[in-house]
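Beneath this line is the structure, given in structure tokens, with notes to follow.
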Amino acid sequence: MLGAVVALTTMAVAGRELAAVISVFEIMFFRNLICLIIIVALVWRSGRHLFATQRLPLHGLRNTIHFAAQAGWYYGLIYLPLSEVFAIEFTAPIWTAILAALFLGERLTAIRIAGTLLGFIGVLIVLRPGIAVVDPAALVVLGSAMGFGMMFVITRSLTSSEAALTILFYMNLVQLPLSTALMLPDWVTPPMDLWPWILATGLGGLASHYCFARAFALADAARVAPIDFFRLPVAALVGYWLYQEPTSLFVWLGAAVIIVGNIMNLRGGRT
């Protein structure tokens, strides 16, 4: 799980560096291209039956939602401190709990309801509507977190019949033409000094998915998921070190409340 923390933080820094020169959709194009090449090689080696699926419409829905959420996440990286992006992104599991109850019939226990309410309180502390001017980029990232929550719910449904490599293959297969079409009007040929960052965003995205999958295969969610919250102090330190970004006390307080809400959701799901 610590590998996922490193991979996601690296991907965030790479996205910030790339966005200064190329568009968000061009970043996503290179990420999808790199991931697809690697996944095709892995699937070809593991067994070409992994290319087969009976649930193509659900893959299309999942990956279109994920594409929009990922674009919003990269947009947030351009305009917000890294720590604030990650703090708001931590609401994704809360949206997952709500949507899973609505669409998968999962039970919302009293603990989970309380955890969900805490998550929303945490978001209000971070955004401070009515007290401070809410940055539109923060609302975009919040929308992305909702999108990630929807994507997680669809993934739960897909994993009942699809292998992880199959899901990753179709994710990049669906998203590559989307990113290609959207990046063409603003295409910029990347200079040579950007290619290490391009490789970092592609490999970081793939590595984070792999590390998450391995972590959840080796231990239950209640033990694994809290480690992901370590991303916040890491992002704050990296943001300060590389970009001299200050981290607001409200971000720390709000993130702490969101994290407690997430942990309550995890514990509530075990009762």
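Following the order of the structure tokens, chains are lettered A, B, ..., residues in each are numbered from 1, and ligands are numbered from 1.
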Determine, counting only C-alpha atoms, which protein, DNA and RNA residues have an atom within 7 Å of an atom of stretch 105-118 of chain A; residues of the same chain fewer than 3 positions away are not included. Present the result as a PDB file with N, CA and C atoms, in the first residue's frame.
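What ended up in result_38.pdb:
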```pdb
ATOM      1  N   ILE A  94     -16.565   7.675   0.598  1.00  0.00           N
ATOM      2  CA  ILE A  94     -17.862   8.041   1.175  1.00  0.00           C
ATOM      3  C   ILE A  94     -18.935   8.036   0.091  1.00  0.00           C
ATOM      4  N   ALA A 100     -23.197   2.612  -3.426  1.00  0.00           N
ATOM      5  CA  ALA A 100     -23.331   1.159  -3.291  1.00  0.00           C
ATOM      6  C   ALA A 100     -24.645   0.804  -2.602  1.00  0.00           C
ATOM      7  N   ALA A 101     -25.063   1.632  -1.650  1.00  0.00           N
ATOM      8  CA  ALA A 101     -26.352   1.402  -0.991  1.00  0.00           C
ATOM      9  C   ALA A 101     -27.506   1.606  -1.972  1.00  0.00           C
ATOM     10  N   LEU A 102     -27.367   2.597  -2.861  1.00  0.00           N
ATOM     11  CA  LEU A 102     -28.437   2.899  -3.807  1.00  0.00           C
ATOM     12  C   LEU A 102     -28.530   1.880  -4.936  1.00  0.00           C
ATOM     13  N   ILE A 121     -19.057  16.926   6.539  1.00  0.00           N
ATOM     14  CA  ILE A 121     -18.605  18.007   7.425  1.00  0.00           C
ATOM     15  C   ILE A 121     -17.146  18.345   7.126  1.00  0.00           C
ATOM     16  N   GLY A 122     -16.333  17.307   6.900  1.00  0.00           N
ATOM     17  CA  GLY A 122     -14.926  17.524   6.560  1.00  0.00           C
ATOM     18  C   GLY A 122     -14.760  18.325   5.287  1.00  0.00           C
ATOM     19  N   VAL A 257     -11.211  15.006   9.671  1.00  0.00           N
ATOM     20  CA  VAL A 257     -12.622  14.631   9.833  1.00  0.00           C
ATOM     21  C   VAL A 257     -13.042  13.656   8.728  1.00  0.00           C
ATOM     22  N   ILE A 258     -12.614  13.914   7.482  1.00  0.00           N
ATOM     23  CA  ILE A 258     -12.923  13.014   6.364  1.00  0.00           C
ATOM     24  C   ILE A 258     -12.338  11.625   6.613  1.00  0.00           C
ATOM     25  N   GLY A 261     -14.307   9.779   9.131  1.00  0.00           N
ATOM     26  CA  GLY A 261     -15.531   9.313   8.481  1.00  0.00           C
ATOM     27  C   GLY A 261     -15.300   8.082   7.630  1.00  0.00           C
ATOM     28  N   ASN A 262     -14.182   8.059   6.898  1.00  0.00           N
ATOM     29  CA  ASN A 262     -13.847   6.895   6.075  1.00  0.00           C
ATOM     30  C   ASN A 262     -13.601   5.661   6.931  1.00  0.00           C
ATOM     31  N   MET A 264     -14.803   5.052   9.876  1.00  0.00           N
ATOM     32  CA  MET A 264     -16.101   4.609  10.389  1.00  0.00           C
ATOM     33  C   MET A 264     -16.871   3.829   9.325  1.00  0.00           C
ATOM     34  N   ASN A 265     -16.773   4.267   8.064  1.00  0.00           N
ATOM     35  CA  ASN A 265     -17.416   3.531   6.978  1.00  0.00           C
ATOM     36  C   ASN A 265     -16.844   2.131   6.842  1.00  0.00           C
ATOM     37  N   GLY A 268     -17.905   0.128   9.879  1.00  0.00           N
ATOM     38  CA  GLY A 268     -19.342  -0.127   9.820  1.00  0.00           C
ATOM     39  C   GLY A 268     -19.704  -1.220   8.847  1.00  0.00           C
TER      40      GLY A 268
END
```
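Near A:Ala41, within 12 Å and counting only C-alpha atoms, sit A:Ile34, A:Cys35, A:Leu36, A:Ser46, A:Gly47, A:Arg48, A:Leu50, A:Phe51, A:Leu165, A:Phe169; same-chain residues fewer than 5 positions away were not included.
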Step one, run DSSP on the backbone; step two, keep only residues of stretch 106-175 of chain A assigned to alpha helix (DSSP H); then write them as a PDB file with N, CA and C atoms, in the first residue's frame.
```
ATOM      1  N   ALA A 110     -25.819   2.346  10.980  1.00  0.00           N
ATOM      2  CA  ALA A 110     -25.784   3.627  11.693  1.00  0.00           C
ATOM      3  C   ALA A 110     -24.376   4.206  11.706  1.00  0.00           C
ATOM      4  N   ILE A 111     -23.373   3.327  11.866  1.00  0.00           N
ATOM      5  CA  ILE A 111     -21.981   3.798  11.877  1.00  0.00           C
ATOM      6  C   ILE A 111     -21.615   4.374  10.520  1.00  0.00           C
ATOM      7  N   ARG A 112     -22.042   3.709   9.446  1.00  0.00           N
ATOM      8  CA  ARG A 112     -21.727   4.202   8.105  1.00  0.00           C
ATOM      9  C   ARG A 112     -22.421   5.532   7.817  1.00  0.00           C
ATOM     10  N   ILE A 113     -23.644   5.668   8.268  1.00  0.00           N
ATOM     11  CA  ILE A 113     -24.352   6.941   8.076  1.00  0.00           C
ATOM     12  C   ILE A 113     -23.627   8.062   8.816  1.00  0.00           C
ATOM     13  N   ALA A 114     -23.197   7.780  10.051  1.00  0.00           N
ATOM     14  CA  ALA A 114     -22.449   8.783  10.823  1.00  0.00           C
ATOM     15  C   ALA A 114     -21.130   9.116  10.137  1.00  0.00           C
ATOM     16  N   GLY A 115     -20.455   8.089   9.608  1.00  0.00           N
ATOM     17  CA  GLY A 115     -19.200   8.315   8.895  1.00  0.00           C
ATOM     18  C   GLY A 115     -19.399   9.160   7.652  1.00  0.00           C
ATOM     19  N   THR A 116     -20.500   8.916   6.938  1.00  0.00           N
ATOM     20  CA  THR A 116     -20.816   9.700   5.744  1.00  0.00           C
ATOM     21  C   THR A 116     -21.065  11.163   6.097  1.00  0.00           C
ATOM     22  N   LEU A 117     -21.811  11.392   7.162  1.00  0.00           N
ATOM     23  CA  LEU A 117     -22.070  12.767   7.605  1.00  0.00           C
ATOM     24  C   LEU A 117     -20.776  13.468   8.005  1.00  0.00           C
ATOM     25  N   LEU A 118     -19.889  12.734   8.687  1.00  0.00           N
ATOM     26  CA  LEU A 118     -18.593  13.314   9.053  1.00  0.00           C
ATOM     27  C   LEU A 118     -17.799  13.689   7.807  1.00  0.00           C
ATOM     28  N   GLY A 119     -17.870  12.837   6.793  1.00  0.00           N
ATOM     29  CA  GLY A 119     -17.166  13.137   5.551  1.00  0.00           C
ATOM     30  C   GLY A 119     -17.627  14.442   4.937  1.00  0.00           C
ATOM     31  N   PHE A 120     -18.937  14.661   4.921  1.00  0.00           N
ATOM     32  CA  PHE A 120     -19.470  15.910   4.372  1.00  0.00           C
ATOM     33  C   PHE A 120     -19.076  17.112   5.230  1.00  0.00           C
ATOM     34  N   ILE A 121     -19.057  16.926   6.539  1.00  0.00           N
ATOM     35  CA  ILE A 121     -18.605  18.007   7.425  1.00  0.00           C
ATOM     36  C   ILE A 121     -17.146  18.345   7.126  1.00  0.00           C
ATOM     37  N   GLY A 122     -16.333  17.307   6.900  1.00  0.00           N
ATOM     38  CA  GLY A 122     -14.926  17.524   6.560  1.00  0.00           C
ATOM     39  C   GLY A 122     -14.760  18.325   5.287  1.00  0.00           C
ATOM     40  N   VAL A 123     -15.585  18.023   4.282  1.00  0.00           N
ATOM     41  CA  VAL A 123     -15.533  18.780   3.023  1.00  0.00           C
ATOM     42  C   VAL A 123     -15.876  20.242   3.271  1.00  0.00           C
ATOM     43  N   LEU A 124     -16.887  20.496   4.089  1.00  0.00           N
ATOM     44  CA  LEU A 124     -17.270  21.881   4.397  1.00  0.00           C
ATOM     45  C   LEU A 124     -16.145  22.620   5.113  1.00  0.00           C
ATOM     46  N   ILE A 125     -15.400  21.906   5.974  1.00  0.00           N
ATOM     47  CA  ILE A 125     -14.269  22.538   6.668  1.00  0.00           C
ATOM     48  C   ILE A 125     -13.177  22.910   5.669  1.00  0.00           C
ATOM     49  N   VAL A 126     -12.916  22.016   4.699  1.00  0.00           N
ATOM     50  CA  VAL A 126     -11.878  22.288   3.692  1.00  0.00           C
ATOM     51  C   VAL A 126     -12.300  23.443   2.789  1.00  0.00           C
ATOM     52  N   LEU A 127     -13.549  23.416   2.309  1.00  0.00           N
ATOM     53  CA  LEU A 127     -14.005  24.411   1.332  1.00  0.00           C
ATOM     54  C   LEU A 127     -14.449  25.719   1.977  1.00  0.00           C
ATOM     55  N   PRO A 136     -13.235  27.391  -7.671  1.00  0.00           N
ATOM     56  CA  PRO A 136     -13.934  26.490  -8.601  1.00  0.00           C
ATOM     57  C   PRO A 136     -13.182  25.182  -8.830  1.00  0.00           C
ATOM     58  N   ALA A 137     -11.845  25.238  -8.781  1.00  0.00           N
ATOM     59  CA  ALA A 137     -11.061  24.016  -8.971  1.00  0.00           C
ATOM     60  C   ALA A 137     -11.345  23.004  -7.867  1.00  0.00           C
ATOM     61  N   ALA A 138     -11.616  23.493  -6.651  1.00  0.00           N
ATOM     62  CA  ALA A 138     -11.946  22.585  -5.546  1.00  0.00           C
ATOM     63  C   ALA A 138     -13.269  21.879  -5.807  1.00  0.00           C
ATOM     64  N   LEU A 139     -14.224  22.590  -6.396  1.00  0.00           N
ATOM     65  CA  LEU A 139     -15.503  21.969  -6.735  1.00  0.00           C
ATOM     66  C   LEU A 139     -15.328  20.940  -7.846  1.00  0.00           C
ATOM     67  N   VAL A 140     -14.423  21.219  -8.777  1.00  0.00           N
ATOM     68  CA  VAL A 140     -14.130  20.245  -9.840  1.00  0.00           C
ATOM     69  C   VAL A 140     -13.554  18.968  -9.238  1.00  0.00           C
ATOM     70  N   VAL A 141     -12.627  19.113  -8.287  1.00  0.00           N
ATOM     71  CA  VAL A 141     -12.033  17.940  -7.638  1.00  0.00           C
ATOM     72  C   VAL A 141     -13.084  17.183  -6.829  1.00  0.00           C
ATOM     73  N   LEU A 142     -13.997  17.911  -6.185  1.00  0.00           N
ATOM     74  CA  LEU A 142     -15.081  17.250  -5.456  1.00  0.00           C
ATOM     75  C   LEU A 142     -15.951  16.440  -6.418  1.00  0.00           C
ATOM     76  N   GLY A 143     -16.231  17.011  -7.584  1.00  0.00           N
ATOM     77  CA  GLY A 143     -16.962  16.266  -8.610  1.00  0.00           C
ATOM     78  C   GLY A 143     -16.190  15.038  -9.063  1.00  0.00           C
ATOM     79  N   SER A 144     -14.868  15.174  -9.150  1.00  0.00           N
ATOM     80  CA  SER A 144     -14.023  14.029  -9.505  1.00  0.00           C
ATOM     81  C   SER A 144     -14.117  12.933  -8.459  1.00  0.00           C
ATOM     82  N   ALA A 145     -14.118  13.326  -7.181  1.00  0.00           N
ATOM     83  CA  ALA A 145     -14.242  12.335  -6.106  1.00  0.00           C
ATOM     84  C   ALA A 145     -15.565  11.580  -6.219  1.00  0.00           C
ATOM     85  N   MET A 146     -16.632  12.292  -6.572  1.00  0.00           N
ATOM     86  CA  MET A 146     -17.916  11.626  -6.799  1.00  0.00           C
ATOM     87  C   MET A 146     -17.806  10.649  -7.964  1.00  0.00           C
ATOM     88  N   GLY A 147     -17.113  11.074  -9.021  1.00  0.00           N
ATOM     89  CA  GLY A 147     -16.907  10.192 -10.170  1.00  0.00           C
ATOM     90  C   GLY A 147     -16.115   8.951  -9.807  1.00  0.00           C
ATOM     91  N   PHE A 148     -15.068   9.131  -8.988  1.00  0.00           N
ATOM     92  CA  PHE A 148     -14.291   7.973  -8.543  1.00  0.00           C
ATOM     93  C   PHE A 148     -15.170   7.028  -7.723  1.00  0.00           C
ATOM     94  N   GLY A 149     -16.052   7.613  -6.894  1.00  0.00           N
ATOM     95  CA  GLY A 149     -16.968   6.784  -6.115  1.00  0.00           C
ATOM     96  C   GLY A 149     -17.874   5.954  -7.012  1.00  0.00           C
ATOM     97  N   MET A 150     -18.413   6.568  -8.064  1.00  0.00           N
ATOM     98  CA  MET A 150     -19.241   5.839  -9.025  1.00  0.00           C
ATOM     99  C   MET A 150     -18.437   4.752  -9.716  1.00  0.00           C
ATOM    100  N   MET A 151     -17.199   5.073 -10.069  1.00  0.00           N
ATOM    101  CA  MET A 151     -16.342   4.101 -10.732  1.00  0.00           C
ATOM    102  C   MET A 151     -16.067   2.897  -9.833  1.00  0.00           C
ATOM    103  N   PHE A 152     -15.832   3.148  -8.526  1.00  0.00           N
ATOM    104  CA  PHE A 152     -15.578   2.050  -7.590  1.00  0.00           C
ATOM    105  C   PHE A 152     -16.789   1.121  -7.487  1.00  0.00           C
ATOM    106  N   VAL A 153     -17.992   1.698  -7.488  1.00  0.00           N
ATOM    107  CA  VAL A 153     -19.207   0.886  -7.401  1.00  0.00           C
ATOM    108  C   VAL A 153     -19.332  -0.019  -8.629  1.00  0.00           C
ATOM    109  N   ILE A 154     -19.094   0.541  -9.811  1.00  0.00           N
ATOM    110  CA  ILE A 154     -19.169  -0.262 -11.035  1.00  0.00           C
ATOM    111  C   ILE A 154     -18.077  -1.326 -11.037  1.00  0.00           C
ATOM    112  N   THR A 155     -16.902  -0.982 -10.514  1.00  0.00           N
ATOM    113  CA  THR A 155     -15.810  -1.951 -10.445  1.00  0.00           C
ATOM    114  C   THR A 155     -16.196  -3.137  -9.569  1.00  0.00           C
ATOM    115  N   ARG A 156     -16.875  -2.870  -8.461  1.00  0.00           N
ATOM    116  CA  ARG A 156     -17.328  -3.961  -7.591  1.00  0.00           C
ATOM    117  C   ARG A 156     -18.215  -4.925  -8.358  1.00  0.00           C
ATOM    118  N   SER A 157     -19.077  -4.382  -9.208  1.00  0.00           N
ATOM    119  CA  SER A 157     -19.948  -5.235 -10.012  1.00  0.00           C
ATOM    120  C   SER A 157     -19.144  -6.025 -11.039  1.00  0.00           C
ATOM    121  N   LEU A 158     -18.177  -5.365 -11.675  1.00  0.00           N
ATOM    122  CA  LEU A 158     -17.382  -6.027 -12.709  1.00  0.00           C
ATOM    123  C   LEU A 158     -16.509  -7.142 -12.153  1.00  0.00           C
ATOM    124  N   ALA A 164      -8.787  -8.652 -13.028  1.00  0.00           N
ATOM    125  CA  ALA A 164      -8.263  -7.289 -12.865  1.00  0.00           C
ATOM    126  C   ALA A 164      -7.602  -6.794 -14.145  1.00  0.00           C
ATOM    127  N   LEU A 165      -6.842  -7.659 -14.823  1.00  0.00           N
ATOM    128  CA  LEU A 165      -6.179  -7.253 -16.066  1.00  0.00           C
ATOM    129  C   LEU A 165      -7.195  -6.917 -17.150  1.00  0.00           C
ATOM    130  N   THR A 166      -8.303  -7.643 -17.184  1.00  0.00           N
ATOM    131  CA  THR A 166      -9.355  -7.351 -18.164  1.00  0.00           C
ATOM    132  C   THR A 166      -9.940  -5.966 -17.919  1.00  0.00           C
ATOM    133  N   ILE A 167     -10.195  -5.650 -16.658  1.00  0.00           N
ATOM    134  CA  ILE A 167     -10.747  -4.336 -16.303  1.00  0.00           C
ATOM    135  C   ILE A 167      -9.769  -3.228 -16.684  1.00  0.00           C
ATOM    136  N   LEU A 168      -8.483  -3.423 -16.385  1.00  0.00           N
ATOM    137  CA  LEU A 168      -7.475  -2.417 -16.721  1.00  0.00           C
ATOM    138  C   LEU A 168      -7.317  -2.275 -18.232  1.00  0.00           C
ATOM    139  N   PHE A 169      -7.383  -3.401 -18.952  1.00  0.00           N
ATOM    140  CA  PHE A 169      -7.265  -3.363 -20.412  1.00  0.00           C
ATOM    141  C   PHE A 169      -8.370  -2.505 -21.014  1.00  0.00           C
ATOM    142  N   TYR A 170      -9.619  -2.759 -20.614  1.00  0.00           N
ATOM    143  CA  TYR A 170     -10.730  -2.005 -21.189  1.00  0.00           C
ATOM    144  C   TYR A 170     -10.752  -0.561 -20.705  1.00  0.00           C
ATOM    145  N   MET A 171     -10.216  -0.299 -19.517  1.00  0.00           N
ATOM    146  CA  MET A 171     -10.127   1.078 -19.046  1.00  0.00           C
ATOM    147  C   MET A 171      -9.312   1.916 -20.025  1.00  0.00           C
ATOM    148  N   ASN A 172      -8.154   1.415 -20.372  1.00  0.00           N
ATOM    149  CA  ASN A 172      -7.280   2.182 -21.264  1.00  0.00           C
ATOM    150  C   ASN A 172      -7.725   2.101 -22.718  1.00  0.00           C
ATOM    151  N   LEU A 173      -8.349   0.987 -23.114  1.00  0.00           N
ATOM    152  CA  LEU A 173      -8.856   0.866 -24.478  1.00  0.00           C
ATOM    153  C   LEU A 173      -9.976   1.870 -24.734  1.00  0.00           C
ATOM    154  N   VAL A 174     -10.852   2.077 -23.759  1.00  0.00           N
ATOM    155  CA  VAL A 174     -11.945   3.046 -23.899  1.00  0.00           C
ATOM    156  C   VAL A 174     -11.418   4.474 -23.814  1.00  0.00           C
ATOM    157  N   GLN A 175     -10.480   4.715 -22.901  1.00  0.00           N
ATOM    158  CA  GLN A 175     -10.041   6.080 -22.644  1.00  0.00           C
ATOM    159  C   GLN A 175      -9.045   6.611 -23.671  1.00  0.00           C
TER     160      GLN A 175
END
```
Neighbours of A:Leu77 within 12 Å (only C-alpha atoms; same-chain residues fewer than 5 positions away dropped), as a PDB file with C-alpha atoms, in the first residue's frame?
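Written out: out-v3.pdb:
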```pdb
ATOM      1  CA  THR A   9       2.203  11.138  -5.296  1.00  0.00           C
ATOM      2  CA  MET A  11       1.842  10.801 -10.658  1.00  0.00           C
ATOM      3  CA  ALA A  12       0.509  14.008  -9.087  1.00  0.00           C
ATOM      4  CA  VAL A  13       3.893  15.738  -9.307  1.00  0.00           C
ATOM      5  CA  ALA A  14       4.340  14.503 -12.889  1.00  0.00           C
ATOM      6  CA  GLY A  15       0.889  15.833 -13.777  1.00  0.00           C
ATOM      7  CA  ARG A  16       1.730  19.233 -12.286  1.00  0.00           C
ATOM      8  CA  GLU A  17       4.996  19.435 -14.262  1.00  0.00           C
ATOM      9  CA  LEU A  18       3.411  18.287 -17.528  1.00  0.00           C
ATOM     10  CA  ALA A  19       0.407  20.613 -17.256  1.00  0.00           C
ATOM     11  CA  ALA A  20       2.729  23.612 -17.469  1.00  0.00           C
ATOM     12  CA  VAL A  24      -4.641  17.733 -19.437  1.00  0.00           C
ATOM     13  CA  GLN A  70      -9.373  11.766 -13.878  1.00  0.00           C
ATOM     14  CA  ALA A  71      -9.495  14.888 -16.062  1.00  0.00           C
ATOM     15  CA  GLY A  72     -10.965  16.837 -13.141  1.00  0.00           C
ATOM     16  CA  LEU A  82      -1.374  18.944  -3.712  1.00  0.00           C
ATOM     17  CA  SER A  83      -2.557  18.444  -0.126  1.00  0.00           C
ATOM     18  CA  GLU A  84      -5.939  20.062  -0.843  1.00  0.00           C
ATOM     19  CA  VAL A  85      -6.481  17.901  -3.936  1.00  0.00           C
ATOM     20  CA  PHE A  86      -5.789  14.733  -1.942  1.00  0.00           C
ATOM     21  CA  ILE A  88     -10.962  16.384  -1.188  1.00  0.00           C
ATOM     22  CA  GLU A  89     -10.237  13.179  -3.116  1.00  0.00           C
ATOM     23  CA  ALA A 137     -11.061  24.016  -8.971  1.00  0.00           C
ATOM     24  CA  ALA A 138     -11.946  22.585  -5.546  1.00  0.00           C
ATOM     25  CA  VAL A 140     -14.130  20.245  -9.840  1.00  0.00           C
ATOM     26  CA  VAL A 141     -12.033  17.940  -7.638  1.00  0.00           C
ATOM     27  CA  SER A 144     -14.023  14.029  -9.505  1.00  0.00           C
ATOM     28  CA  ALA A 235       1.635  15.395  -0.526  1.00  0.00           C
ATOM     29  CA  GLY A 239       4.152  20.324  -2.254  1.00  0.00           C
ATOM     30  CA  TYR A 243       6.466  24.299  -4.935  1.00  0.00           C
TER      31      TYR A 243
END
```
Computed interatomic separation between atom CA of A:Leu80 and atom CA of A:Asp135 (Å): 8.5 Å
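Across A:Ile98, A:Ile37, A:Ala52, A:Ile22, the tightest approach to A:Ser161 is made by A:Ala52 when counting only C-alpha atoms.
Each of A:Thr96, A:Gly3, A:Met28, A:Thr91 was compared to A:Ala181 using only C-alpha atoms, and A:Met28 turns out to be the nearest.
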Option closest in space to A:Leu253, from A:Arg128, A:His209, A:Arg231, A:Arg62 [counting only C-alpha atoms]: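 Of the candidates, the smallest distance to A:Leu253 is held by A:Arg128.
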Length of the atom CA of A:Leu33 to atom CA of A:Ala200 vector [Å]: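 Between atom CA of A:Leu33 and atom CA of A:Ala200 the gap works out to 12.8 Å.
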